[in-house]
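**Student:** My structure is below; once you've seen it, I'll send some questions.
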Amino acid sequence: MRSLIAAADFRVMPAIETVALTEAAEAGRTLAASELRSIGDAVAAAGAAARAAREQPELADVLAGYTPLAELGRAIVNAIDERGTILDRASPSLGRIRRALSQAQADARDRVGSILNSAKYEKVIQDRIVTIRNGRLVIPIKADFASALPSIVHDTSASGQTLFVEPLAALETNNRVRTLQIDEEREVARILEGLSRAVGSNAGAVDADVEVLARLDLLAAKADVAHRTGAIAPELCDEPELAIERGRHPLLGERAVPQSLEVDDSTRLLVISGPNMGGKTVALKMAGLFVAMSYCGMQVPARRARVGRFERVVADIGDDQSLAANTSTFSAHLERMREMLDGANERTLLVVDEIGGGTEPSAGAALAIAMLERLLACGARAVVSTHSVELKLFAHATPGVANASVRFDPVTFAPTFELDVGTPGQSLAFPLATRLGIDARIVERAETLLERRERDYETALAQLAQRSAELREERVRLEAEQRSANLELERLRSQRRELDEERRRFAARAEERLTASLREFVSELHGRKVTRSQARLLGDTIASMRQELGIRPEPAQERAKHSYAPGDRVRILSLDQEGVVAEDWDERLLVSVGSMKMMVERSDVRPEGAPVRRASNAGSAETRMAAAARSSGELDVRGKRFAEAEPIVDRWIDDALLAGNSPLRLIHGKGTGLLGRGLQEYLRGHAGVKSLRYGSEEEGSTGVTLIELRT
């Protein structure tokens, strides 16, 4: 509903309670025109509100009982105006009758007027006016000349000197007027009867629509209050507790100062103390109102609120401060407290202002403490206010009871109307008396008369309040510094993320440039023989370049690398498999695992067992048999870089040459084309390659290279 009000001008039009009228119509009584118009207005108001509410799907349950009665509403509104008058358009017959009646009345007035203005009857006429008696047009004549004008007497004046007569010459036109008036009355009665029957046949729907309208009206009122007070929906829970964070008294508007309080299992009773006019009663009323508002389905003005399930919420907040009424006021408080205590249980919330007040302070405090002990015993929740020192000490020393105080400026003693939970408040009787203009000598004398123990207590409270104020200021300052530090930390983290991203982009660009330069370098070799020491030197140089450019930082422990030679037996840690080193390529090793070869990271292998050396005679039968076992007519190097794929392809070509395996099919994929072009450049300079070409469409197109070897 708040969304609906904010989005459009949602307004509930006035409507009456229709049950009594619809029951009468349903019983067969013809309703008056004004009653019917009221029903029509109610139906129209319900229809307008329902149409607007349909824009919000969340209101579907509220509209579940609504039945469109647009036809009935239009029939009533078109027949009866706002004053309850039957309109000419109510029926075609009524319109014709009223037009004829208007003409007949004009004719009758003309006929009577002609007689009134006739010179023949000048002496007979008393006054030259036309008036109405018994629904007929008459003229006043002198009683002495009654026989001079043929007519019918309808009335006489109080003196008897004047007769109001209907001239016989106007009798016919008056009769016509009267006849049409009777026809009009009958048609009006027929219209009212028909509309009443329509209302009676739709009585249940009319009442249900008005009920829907009433619910929408109530929701709109709640939404309006919530909107004006900046309210939020409270959290509801089954436990008997109440927690309010920065709540504002709903009736104080912009003057309300946010207050926070909580009563739950750990703090069942909250004792609020502090100076008069400091906000204690406001806090009490806010607590009770928040529970009542939540139970009425209303939102509450707070930053956050949690309301539990209470079966009774009872308040004793008196406003009568007359000294003459102290005795009766105390009696009334006692009677109210008796009612509270008699029905109190764990689901009772009590709100009591000045508990134990109105009588001798010590006795009142003792009675209040006994009452609070009873409330603790029965598990009730309570928020009470007091000026009693004994109650403050009781709250401080008793588990389940907490002190709270309304704040004040420690220098000016002006109230801030905020609530501090955990510390008792001062009454500030003497500073308040001074502020209100009481003679300073009187205040000084009162301070002298105050018992030393109480003076010490008040002094301690003042020091505690001063320290509490200082701690609040320190906390606010620290929170501000923490927010500033968090913002600075977030800014530094953001800068670090940007720098890391820039480093990654730079590394990617450098890697790309380095790879391109290597491809160009390999192309320039044109099949020239490169020794193993030259290859290792080149690999070390590339690794150093990568490290200096920050492309691939290497841990310190990797700098002292284990030296591997072809034939060394190793264990691949990630696969937990044993293999034999075929080639050492600096950061990576080409390792044989059974009939399969793979490139693995140097850090992923560990030496294992005695090295297995290759046979020195590469052309021996054993070597050829091993090569034949390893050799395959097809090799897939998709997803690898040139530097990774080149040694694999080289070993694959060597095995194929030893095994006499040709032609070969090398799968390198299309991608950017860099891998395929680089491998073809390398293979064109290989002494064992006779020819090569890309595959046809059926063979894999440019993603495959077909190789013919020199056998």
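Please note that chains go A, B, ... in the order of the structure tokens, that every chain numbers its residues from 1, and that ligands are numbered from 1 in the order shown.
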Write out as a compact mmCIF listing (two decimals) with all heavy atoms, in the first residue's frame which residues come within 12 Å of stretch 167-177 of chain A when counting only C-alpha atoms, dropping same-chain ones fewer than 4 positions away.
**Tutor:**
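File produced: out-v4.txt:
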```txt
# COMPACT_ATOMS: atom_id res chain seq x y z
N ILE A 97 -42.99 12.15 -18.88
CA ILE A 97 -44.00 12.66 -17.94
C ILE A 97 -43.60 14.05 -17.45
O ILE A 97 -44.44 14.96 -17.38
CB ILE A 97 -44.16 11.68 -16.76
CG1 ILE A 97 -44.81 10.38 -17.23
CG2 ILE A 97 -44.97 12.32 -15.64
CD1 ILE A 97 -44.82 9.28 -16.19
N ARG A 98 -42.33 14.22 -17.12
CA ARG A 98 -41.91 15.51 -16.57
C ARG A 98 -41.94 16.60 -17.63
O ARG A 98 -42.24 17.77 -17.32
CB ARG A 98 -40.51 15.37 -15.97
CG ARG A 98 -40.54 14.64 -14.63
CD ARG A 98 -39.20 14.62 -13.96
NE ARG A 98 -39.29 14.11 -12.58
CZ ARG A 98 -38.26 13.86 -11.79
NH1 ARG A 98 -37.04 14.07 -12.25
NH2 ARG A 98 -38.46 13.42 -10.57
N ARG A 99 -41.66 16.25 -18.89
CA ARG A 99 -41.78 17.27 -19.94
C ARG A 99 -43.24 17.67 -20.14
O ARG A 99 -43.56 18.87 -20.28
CB ARG A 99 -41.18 16.73 -21.24
CG ARG A 99 -39.66 16.65 -21.23
CD ARG A 99 -39.11 16.38 -22.62
NE ARG A 99 -39.50 15.07 -23.11
CZ ARG A 99 -38.82 13.94 -22.87
NH1 ARG A 99 -37.72 13.97 -22.13
NH2 ARG A 99 -39.23 12.80 -23.37
N ALA A 100 -44.14 16.67 -20.11
CA ALA A 100 -45.57 16.97 -20.25
C ALA A 100 -46.07 17.76 -19.05
O ALA A 100 -46.89 18.69 -19.19
CB ALA A 100 -46.37 15.67 -20.40
N LEU A 101 -45.62 17.44 -17.87
CA LEU A 101 -46.04 18.13 -16.67
C LEU A 101 -45.57 19.59 -16.70
O LEU A 101 -46.32 20.51 -16.32
CB LEU A 101 -45.45 17.42 -15.44
CG LEU A 101 -45.71 18.06 -14.08
CD1 LEU A 101 -47.21 18.18 -13.81
CD2 LEU A 101 -45.02 17.27 -12.97
N SER A 102 -44.36 19.79 -17.17
CA SER A 102 -43.86 21.16 -17.27
C SER A 102 -44.71 21.99 -18.22
O SER A 102 -45.04 23.15 -17.93
CB SER A 102 -42.39 21.13 -17.74
OG SER A 102 -41.89 22.43 -17.87
N GLN A 103 -45.11 21.38 -19.32
CA GLN A 103 -45.96 22.10 -20.27
C GLN A 103 -47.35 22.37 -19.69
O GLN A 103 -47.91 23.47 -19.84
CB GLN A 103 -46.08 21.28 -21.56
CG GLN A 103 -46.88 21.96 -22.66
CD GLN A 103 -46.26 23.27 -23.10
OE1 GLN A 103 -45.07 23.33 -23.36
NE2 GLN A 103 -47.06 24.33 -23.17
N ALA A 104 -47.90 21.35 -18.99
CA ALA A 104 -49.24 21.51 -18.40
C ALA A 104 -49.22 22.58 -17.32
O ALA A 104 -50.17 23.38 -17.19
CB ALA A 104 -49.71 20.17 -17.81
N GLN A 105 -48.17 22.64 -16.53
CA GLN A 105 -48.06 23.68 -15.50
C GLN A 105 -47.98 25.06 -16.12
O GLN A 105 -48.56 26.04 -15.61
CB GLN A 105 -46.84 23.40 -14.61
CG GLN A 105 -47.02 22.21 -13.67
CD GLN A 105 -45.76 21.86 -12.91
OE1 GLN A 105 -44.66 22.13 -13.40
NE2 GLN A 105 -45.92 21.22 -11.75
N ALA A 106 -47.27 25.16 -17.24
CA ALA A 106 -47.20 26.46 -17.93
C ALA A 106 -48.56 26.87 -18.46
O ALA A 106 -48.96 28.04 -18.37
CB ALA A 106 -46.16 26.36 -19.06
N ASP A 107 -49.28 25.90 -19.03
CA ASP A 107 -50.62 26.20 -19.55
C ASP A 107 -51.56 26.64 -18.43
O ASP A 107 -52.33 27.61 -18.57
CB ASP A 107 -51.20 24.97 -20.25
CG ASP A 107 -50.44 24.63 -21.53
OD1 ASP A 107 -49.69 25.50 -22.02
OD2 ASP A 107 -50.58 23.48 -22.02
N ALA A 108 -51.50 25.93 -17.31
CA ALA A 108 -52.38 26.28 -16.19
C ALA A 108 -52.05 27.66 -15.65
O ALA A 108 -52.94 28.47 -15.31
CB ALA A 108 -52.25 25.22 -15.09
N ARG A 109 -50.74 27.98 -15.56
CA ARG A 109 -50.35 29.29 -15.06
C ARG A 109 -50.81 30.40 -16.01
O ARG A 109 -51.25 31.47 -15.58
CB ARG A 109 -48.82 29.32 -14.88
CG ARG A 109 -48.32 30.55 -14.12
CD ARG A 109 -46.84 30.40 -13.77
NE ARG A 109 -46.60 29.32 -12.84
CZ ARG A 109 -46.78 29.41 -11.52
NH1 ARG A 109 -47.18 30.55 -10.99
NH2 ARG A 109 -46.55 28.40 -10.72
N ASP A 110 -50.72 30.11 -17.31
CA ASP A 110 -51.19 31.11 -18.28
C ASP A 110 -52.70 31.33 -18.15
O ASP A 110 -53.18 32.49 -18.20
CB ASP A 110 -50.86 30.65 -19.70
CG ASP A 110 -49.36 30.70 -20.00
OD1 ASP A 110 -48.64 31.38 -19.23
OD2 ASP A 110 -48.91 30.05 -20.96
N ARG A 111 -53.44 30.25 -17.97
CA ARG A 111 -54.90 30.37 -17.88
C ARG A 111 -55.29 31.14 -16.61
O ARG A 111 -56.11 32.07 -16.66
CB ARG A 111 -55.53 28.97 -17.86
CG ARG A 111 -57.07 28.97 -17.77
CD ARG A 111 -57.70 29.58 -19.01
NE ARG A 111 -57.32 28.84 -20.21
CZ ARG A 111 -57.99 27.77 -20.65
NH1 ARG A 111 -59.07 27.38 -20.03
NH2 ARG A 111 -57.60 27.16 -21.76
N VAL A 112 -54.69 30.78 -15.50
CA VAL A 112 -55.01 31.49 -14.26
C VAL A 112 -54.53 32.93 -14.35
O VAL A 112 -55.20 33.87 -13.87
CB VAL A 112 -54.36 30.77 -13.06
CG1 VAL A 112 -54.55 31.58 -11.78
CG2 VAL A 112 -54.97 29.37 -12.89
N GLY A 113 -53.36 33.16 -14.97
CA GLY A 113 -52.84 34.51 -15.11
C GLY A 113 -53.74 35.40 -15.95
O GLY A 113 -53.88 36.61 -15.67
N SER A 114 -54.34 34.84 -16.98
CA SER A 114 -55.23 35.64 -17.83
C SER A 114 -56.47 36.09 -17.05
O SER A 114 -56.96 37.21 -17.23
CB SER A 114 -55.64 34.84 -19.07
OG SER A 114 -56.42 33.70 -18.70
N ILE A 115 -56.97 35.22 -16.18
CA ILE A 115 -58.13 35.60 -15.36
C ILE A 115 -57.73 36.67 -14.35
O ILE A 115 -58.46 37.64 -14.08
CB ILE A 115 -58.70 34.35 -14.64
CG1 ILE A 115 -59.22 33.33 -15.67
CG2 ILE A 115 -59.78 34.73 -13.64
CD1 ILE A 115 -59.63 31.99 -15.08
N LEU A 116 -56.51 36.47 -13.77
CA LEU A 116 -56.02 37.41 -12.76
C LEU A 116 -55.86 38.81 -13.35
O LEU A 116 -56.11 39.82 -12.67
CB LEU A 116 -54.68 36.90 -12.21
CG LEU A 116 -54.11 37.61 -10.97
CD1 LEU A 116 -55.02 37.42 -9.77
CD2 LEU A 116 -52.72 37.08 -10.65
N TYR A 121 -62.66 41.12 -13.80
CA TYR A 121 -62.62 40.69 -12.40
C TYR A 121 -61.70 41.57 -11.55
O TYR A 121 -61.23 41.17 -10.49
CB TYR A 121 -62.14 39.24 -12.31
CG TYR A 121 -63.03 38.28 -13.07
CD1 TYR A 121 -62.57 37.64 -14.21
CD2 TYR A 121 -64.34 38.04 -12.63
CE1 TYR A 121 -63.37 36.76 -14.92
CE2 TYR A 121 -65.17 37.16 -13.33
CZ TYR A 121 -64.69 36.52 -14.47
OH TYR A 121 -65.50 35.68 -15.17
N ILE A 125 -60.52 40.70 -7.46
CA ILE A 125 -59.18 40.21 -7.09
C ILE A 125 -58.66 40.95 -5.86
O ILE A 125 -58.67 42.18 -5.81
CB ILE A 125 -58.20 40.37 -8.26
CG1 ILE A 125 -58.71 39.65 -9.50
CG2 ILE A 125 -56.81 39.87 -7.87
CD1 ILE A 125 -58.93 38.18 -9.31
N VAL A 130 -50.42 34.49 -8.13
CA VAL A 130 -50.89 33.12 -8.29
C VAL A 130 -50.17 32.27 -7.25
O VAL A 130 -48.95 32.32 -7.11
CB VAL A 130 -50.57 32.58 -9.71
CG1 VAL A 130 -51.02 31.12 -9.84
CG2 VAL A 130 -51.25 33.44 -10.76
N ILE A 132 -50.43 28.33 -4.73
CA ILE A 132 -50.81 26.92 -4.83
C ILE A 132 -51.45 26.49 -3.53
O ILE A 132 -50.94 26.78 -2.45
CB ILE A 132 -49.57 26.04 -5.14
CG1 ILE A 132 -48.97 26.39 -6.50
CG2 ILE A 132 -49.93 24.56 -5.11
CD1 ILE A 132 -47.70 25.63 -6.82
N ARG A 133 -52.57 25.83 -3.66
CA ARG A 133 -53.26 25.21 -2.53
C ARG A 133 -53.66 23.81 -2.92
O ARG A 133 -54.28 23.61 -3.99
CB ARG A 133 -54.51 26.01 -2.11
CG ARG A 133 -54.22 27.36 -1.48
CD ARG A 133 -53.53 27.22 -0.11
NE ARG A 133 -53.42 28.49 0.59
CZ ARG A 133 -52.42 29.32 0.43
NH1 ARG A 133 -51.47 29.03 -0.44
NH2 ARG A 133 -52.37 30.46 1.11
N ASN A 134 -53.27 22.80 -2.05
CA ASN A 134 -53.60 21.41 -2.33
C ASN A 134 -53.09 20.95 -3.69
O ASN A 134 -53.73 20.16 -4.40
CB ASN A 134 -55.11 21.17 -2.23
CG ASN A 134 -55.66 21.51 -0.87
OD1 ASN A 134 -55.01 21.27 0.16
ND2 ASN A 134 -56.85 22.11 -0.83
N GLY A 135 -51.94 21.52 -4.10
CA GLY A 135 -51.33 21.12 -5.35
C GLY A 135 -51.98 21.73 -6.57
O GLY A 135 -51.67 21.33 -7.70
N ARG A 136 -52.88 22.74 -6.40
CA ARG A 136 -53.57 23.33 -7.55
C ARG A 136 -53.35 24.85 -7.53
O ARG A 136 -53.20 25.46 -6.48
CB ARG A 136 -55.07 23.03 -7.51
CG ARG A 136 -55.35 21.52 -7.43
CD ARG A 136 -56.84 21.22 -7.34
NE ARG A 136 -57.50 21.39 -8.62
CZ ARG A 136 -57.58 20.45 -9.56
NH1 ARG A 136 -57.01 19.26 -9.35
NH2 ARG A 136 -58.23 20.68 -10.68
N LEU A 137 -53.33 25.46 -8.72
CA LEU A 137 -53.11 26.89 -8.86
C LEU A 137 -54.38 27.64 -8.48
O LEU A 137 -55.48 27.35 -8.98
CB LEU A 137 -52.71 27.23 -10.29
CG LEU A 137 -51.35 26.66 -10.77
CD1 LEU A 137 -51.12 27.01 -12.23
CD2 LEU A 137 -50.22 27.18 -9.91
N VAL A 138 -54.26 28.62 -7.58
CA VAL A 138 -55.42 29.40 -7.12
C VAL A 138 -55.05 30.88 -7.12
O VAL A 138 -53.88 31.24 -7.20
CB VAL A 138 -55.85 28.97 -5.70
CG1 VAL A 138 -56.32 27.52 -5.70
CG2 VAL A 138 -54.69 29.16 -4.70
N ILE A 139 -56.11 31.73 -7.02
CA ILE A 139 -55.90 33.17 -6.93
C ILE A 139 -56.67 33.70 -5.72
O ILE A 139 -57.70 33.13 -5.34
CB ILE A 139 -56.37 33.90 -8.21
CG1 ILE A 139 -57.85 33.63 -8.47
CG2 ILE A 139 -55.52 33.48 -9.42
CD1 ILE A 139 -58.41 34.38 -9.67
N PRO A 140 -56.20 34.76 -5.07
CA PRO A 140 -56.90 35.33 -3.91
C PRO A 140 -57.98 36.33 -4.38
O PRO A 140 -57.70 37.22 -5.19
CB PRO A 140 -55.78 36.03 -3.15
CG PRO A 140 -54.77 36.38 -4.19
CD PRO A 140 -54.86 35.36 -5.27
N ILE A 141 -59.22 36.15 -3.87
CA ILE A 141 -60.30 37.10 -4.19
C ILE A 141 -60.94 37.58 -2.90
O ILE A 141 -60.76 36.96 -1.84
CB ILE A 141 -61.37 36.47 -5.10
CG1 ILE A 141 -62.10 35.34 -4.34
CG2 ILE A 141 -60.76 35.95 -6.40
CD1 ILE A 141 -63.31 34.79 -5.09
N ALA A 146 -67.44 36.60 -3.77
CA ALA A 146 -67.21 35.19 -4.07
C ALA A 146 -68.09 34.70 -5.22
O ALA A 146 -67.67 33.90 -6.06
CB ALA A 146 -67.47 34.34 -2.83
N SER A 147 -69.31 35.24 -5.31
CA SER A 147 -70.22 34.77 -6.36
C SER A 147 -69.94 35.41 -7.71
O SER A 147 -70.46 34.96 -8.74
CB SER A 147 -71.66 35.06 -5.96
OG SER A 147 -71.83 36.46 -5.75
N ALA A 148 -69.07 36.43 -7.71
CA ALA A 148 -68.82 37.13 -8.97
C ALA A 148 -67.90 36.33 -9.89
O ALA A 148 -67.87 36.58 -11.10
CB ALA A 148 -68.19 38.49 -8.68
N LEU A 149 -67.12 35.37 -9.31
CA LEU A 149 -66.18 34.59 -10.12
C LEU A 149 -66.49 33.11 -9.93
O LEU A 149 -66.34 32.57 -8.82
CB LEU A 149 -64.74 34.88 -9.69
CG LEU A 149 -63.64 34.05 -10.38
CD1 LEU A 149 -63.61 34.34 -11.88
CD2 LEU A 149 -62.28 34.35 -9.76
N PRO A 150 -66.96 32.44 -10.98
CA PRO A 150 -67.24 31.00 -10.86
C PRO A 150 -65.94 30.26 -10.52
O PRO A 150 -64.97 30.33 -11.27
CB PRO A 150 -67.74 30.62 -12.25
CG PRO A 150 -68.20 31.90 -12.86
CD PRO A 150 -67.30 32.97 -12.32
N SER A 151 -65.93 29.59 -9.37
CA SER A 151 -64.68 28.98 -8.93
C SER A 151 -64.93 27.98 -7.81
O SER A 151 -66.06 27.87 -7.31
CB SER A 151 -63.71 30.06 -8.43
OG SER A 151 -64.30 30.77 -7.34
N ILE A 152 -63.87 27.29 -7.43
CA ILE A 152 -63.90 26.34 -6.31
C ILE A 152 -62.98 26.88 -5.23
O ILE A 152 -61.82 27.20 -5.48
CB ILE A 152 -63.43 24.95 -6.75
CG1 ILE A 152 -64.31 24.39 -7.87
CG2 ILE A 152 -63.37 23.98 -5.58
CD1 ILE A 152 -63.79 23.11 -8.46
N VAL A 153 -63.55 27.03 -4.01
CA VAL A 153 -62.76 27.57 -2.90
C VAL A 153 -61.89 26.45 -2.31
O VAL A 153 -62.39 25.38 -1.97
CB VAL A 153 -63.68 28.15 -1.81
CG1 VAL A 153 -62.84 28.65 -0.63
CG2 VAL A 153 -64.53 29.25 -2.37
N HIS A 154 -60.56 26.73 -2.17
CA HIS A 154 -59.63 25.75 -1.61
C HIS A 154 -59.12 26.16 -0.24
O HIS A 154 -58.67 25.31 0.53
CB HIS A 154 -58.43 25.58 -2.55
CG HIS A 154 -58.75 24.74 -3.77
ND1 HIS A 154 -58.74 23.37 -3.79
CD2 HIS A 154 -59.13 25.12 -5.01
CE1 HIS A 154 -59.07 22.92 -4.99
NE2 HIS A 154 -59.31 23.99 -5.76
N LEU A 163 -60.44 34.75 -0.03
CA LEU A 163 -60.66 33.37 -0.41
C LEU A 163 -59.64 32.99 -1.49
O LEU A 163 -59.34 33.78 -2.39
CB LEU A 163 -62.07 33.17 -0.96
CG LEU A 163 -63.23 33.57 -0.05
CD1 LEU A 163 -64.57 33.38 -0.76
CD2 LEU A 163 -63.22 32.75 1.24
N GLN A 181 -48.80 14.80 -12.26
CA GLN A 181 -48.06 14.68 -11.00
C GLN A 181 -48.22 13.29 -10.40
O GLN A 181 -47.27 12.71 -9.87
CB GLN A 181 -48.55 15.74 -10.02
CG GLN A 181 -48.09 17.15 -10.35
CD GLN A 181 -48.68 18.18 -9.42
OE1 GLN A 181 -49.71 17.92 -8.77
NE2 GLN A 181 -48.06 19.36 -9.37
N ILE A 182 -49.46 12.76 -10.48
CA ILE A 182 -49.68 11.39 -9.98
C ILE A 182 -48.88 10.39 -10.80
O ILE A 182 -48.27 9.45 -10.26
CB ILE A 182 -51.18 11.06 -10.00
CG1 ILE A 182 -51.93 11.95 -9.00
CG2 ILE A 182 -51.42 9.59 -9.70
CD1 ILE A 182 -53.43 11.84 -9.08
N ASP A 183 -48.85 10.59 -12.14
CA ASP A 183 -48.06 9.70 -13.00
C ASP A 183 -46.58 9.77 -12.63
O ASP A 183 -45.87 8.75 -12.61
CB ASP A 183 -48.25 10.09 -14.47
CG ASP A 183 -49.66 9.80 -14.96
OD1 ASP A 183 -50.37 9.02 -14.29
OD2 ASP A 183 -50.04 10.35 -16.02
N GLU A 184 -46.09 10.98 -12.34
CA GLU A 184 -44.69 11.14 -11.96
C GLU A 184 -44.39 10.40 -10.66
O GLU A 184 -43.38 9.70 -10.54
CB GLU A 184 -44.36 12.62 -11.80
CG GLU A 184 -42.92 12.89 -11.38
CD GLU A 184 -42.68 14.33 -10.99
OE1 GLU A 184 -43.64 15.00 -10.60
OE2 GLU A 184 -41.50 14.77 -11.04
```
**Student:** Pick out each residue of stretch 172-356 of chain A that DSSP on the backbone tags as helix (DSSP H, G or I); I need them as JSON, numbers by chain.
**Tutor:** {"A": [172, 173, 174, 175, 176, 177, 178, 179, 180, 181, 182, 183, 184, 185, 186, 187, 188, 189, 190, 191, 192, 193, 194, 195, 196, 197, 198, 199, 200, 201, 203, 204, 205, 206, 207, 208, 209, 210, 211, 212, 213, 214, 215, 216, 217, 218, 219, 220, 221, 222, 223, 224, 225, 226, 227, 228, 229, 253, 254, 255, 280, 281, 282, 283, 284, 285, 286, 287, 288, 289, 290, 291, 292, 293, 294, 295, 323, 324, 325, 326, 327, 328, 329, 330, 331, 332, 333, 334, 335, 336, 337, 338, 339, 340, 341, 342]}
**Student:** A:Val307, A:Leu270, A:Val605, A:Ala7: which is nearest A:Phe290, counting only C-alpha atoms?
**Tutor:**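 Comparing A:Val307, A:Leu270, A:Val605, A:Ala7 against A:Phe290, the winner is A:Val307.
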**Student:** As a VMD selection string, please: the residues near stretch 344-348 of chain A (cut-off 12 Å, only C-alpha atoms, same-chain neighbours under 5 positions excluded).
**Tutor:** chain A and resid 238 to 242 263 to 265 268 to 269 288 291 307 to 315 337 to 339 371 to 372 374 to 383
**Student:** Can you spit out the residues from that selection as a short mmCIF file (atom, residue, chain, number, x, y, z; two decimals), in the first residue's frame, using N, CA and C atoms?
**Tutor:**
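The result, stored in result-v9.cif:
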```cif
data_model
loop_
_atom_site.label_atom_id
_atom_site.label_comp_id
_atom_site.auth_asym_id
_atom_site.auth_seq_id
_atom_site.Cartn_x
_atom_site.Cartn_y
_atom_site.Cartn_z
N ASP A 238 8.49 -15.44 18.16
CA ASP A 238 7.60 -16.08 19.13
C ASP A 238 8.04 -15.85 20.57
N GLU A 239 9.31 -15.50 20.77
CA GLU A 239 9.79 -15.29 22.14
C GLU A 239 9.21 -13.98 22.70
N PRO A 240 8.97 -13.94 24.03
CA PRO A 240 8.45 -12.70 24.63
C PRO A 240 9.56 -11.68 24.82
N GLU A 241 9.84 -10.89 23.81
CA GLU A 241 10.91 -9.91 23.90
C GLU A 241 10.57 -8.69 23.06
N LEU A 242 11.26 -7.62 23.35
CA LEU A 242 11.07 -6.36 22.63
C LEU A 242 12.44 -5.70 22.47
N VAL A 263 14.30 -5.61 26.03
CA VAL A 263 13.97 -6.52 27.13
C VAL A 263 13.84 -7.92 26.52
N ASP A 264 14.53 -8.88 27.13
CA ASP A 264 14.53 -10.24 26.62
C ASP A 264 14.86 -11.18 27.77
N ASP A 265 15.37 -12.36 27.47
CA ASP A 265 15.68 -13.33 28.53
C ASP A 265 16.78 -12.83 29.45
N ARG A 268 15.19 -8.83 31.68
CA ARG A 268 13.72 -8.95 31.72
C ARG A 268 13.06 -7.68 32.24
N LEU A 269 13.77 -6.95 33.11
CA LEU A 269 13.22 -5.71 33.65
C LEU A 269 14.21 -4.58 33.37
N GLY A 288 5.46 0.65 24.78
CA GLY A 288 4.11 0.10 24.72
C GLY A 288 3.45 0.31 23.37
N VAL A 291 4.63 -2.17 20.58
CA VAL A 291 4.01 -3.49 20.65
C VAL A 291 2.56 -3.41 20.14
N VAL A 307 9.66 -7.52 17.73
CA VAL A 307 8.55 -7.60 18.69
C VAL A 307 8.16 -9.07 18.85
N GLY A 308 8.18 -9.53 20.10
CA GLY A 308 7.83 -10.90 20.38
C GLY A 308 6.34 -11.06 20.68
N ARG A 309 5.98 -12.27 21.10
CA ARG A 309 4.56 -12.59 21.34
C ARG A 309 4.24 -12.39 22.83
N PHE A 310 3.46 -11.35 23.08
CA PHE A 310 2.95 -11.09 24.43
C PHE A 310 1.44 -11.32 24.44
N GLU A 311 0.94 -11.84 25.56
CA GLU A 311 -0.50 -12.05 25.69
C GLU A 311 -1.17 -10.87 26.38
N ARG A 312 -0.40 -10.12 27.17
CA ARG A 312 -0.95 -8.94 27.85
C ARG A 312 0.09 -7.82 27.79
N VAL A 313 -0.37 -6.64 27.45
CA VAL A 313 0.46 -5.44 27.52
C VAL A 313 -0.31 -4.44 28.39
N VAL A 314 0.23 -4.15 29.58
CA VAL A 314 -0.50 -3.34 30.55
C VAL A 314 0.35 -2.12 30.90
N ALA A 315 -0.28 -0.96 30.93
CA ALA A 315 0.44 0.28 31.23
C ALA A 315 -0.19 0.99 32.41
N MET A 337 -1.41 -1.84 39.94
CA MET A 337 -0.34 -2.80 40.09
C MET A 337 -0.87 -4.16 40.55
N ARG A 338 -1.91 -4.13 41.39
CA ARG A 338 -2.51 -5.40 41.83
C ARG A 338 -3.06 -6.16 40.63
N GLU A 339 -3.75 -5.43 39.73
CA GLU A 339 -4.28 -6.07 38.52
C GLU A 339 -3.15 -6.63 37.66
N MET A 371 7.54 -5.68 44.29
CA MET A 371 6.75 -5.93 43.08
C MET A 371 7.63 -6.41 41.93
N LEU A 372 8.79 -5.78 41.77
CA LEU A 372 9.70 -6.19 40.70
C LEU A 372 10.21 -7.61 40.92
N ARG A 374 8.53 -9.98 42.36
CA ARG A 374 7.41 -10.86 41.95
C ARG A 374 7.37 -10.99 40.42
N LEU A 375 7.58 -9.89 39.72
CA LEU A 375 7.58 -9.94 38.25
C LEU A 375 8.71 -10.83 37.74
N LEU A 376 9.89 -10.75 38.39
CA LEU A 376 11.00 -11.63 38.00
C LEU A 376 10.64 -13.09 38.23
N ALA A 377 9.98 -13.36 39.34
CA ALA A 377 9.64 -14.74 39.69
C ALA A 377 8.67 -15.34 38.69
N CYS A 378 7.74 -14.54 38.17
CA CYS A 378 6.75 -15.08 37.23
C CYS A 378 7.19 -14.93 35.78
N GLY A 379 8.38 -14.40 35.55
CA GLY A 379 8.95 -14.35 34.21
C GLY A 379 8.46 -13.23 33.34
N ALA A 380 7.78 -12.23 33.89
CA ALA A 380 7.23 -11.13 33.09
C ALA A 380 8.34 -10.22 32.59
N ARG A 381 8.01 -9.42 31.58
CA ARG A 381 8.91 -8.37 31.08
C ARG A 381 8.32 -7.02 31.49
N ALA A 382 9.20 -6.07 31.82
CA ALA A 382 8.69 -4.76 32.28
C ALA A 382 9.69 -3.68 31.95
N VAL A 383 9.16 -2.49 31.67
CA VAL A 383 9.95 -1.27 31.52
C VAL A 383 9.34 -0.27 32.50
#
```
**Student:** Give me the residues near stretch 211-214 of chain A as a list of chain:residue names, where near means some atom within 8 Å (using only C-alpha atoms) and where sequence neighbours in that chain fewer than 3 positions away do not count.
**Tutor:**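 Residues near the query, excluding close chain neighbours: A:Val12, A:Ala45, A:Ala46, A:Ala49, A:Ala50, A:Val62, A:Leu63, A:Gly65, A:Tyr66, A:Asp207, A:Ala208, A:Asp217, A:Leu218.
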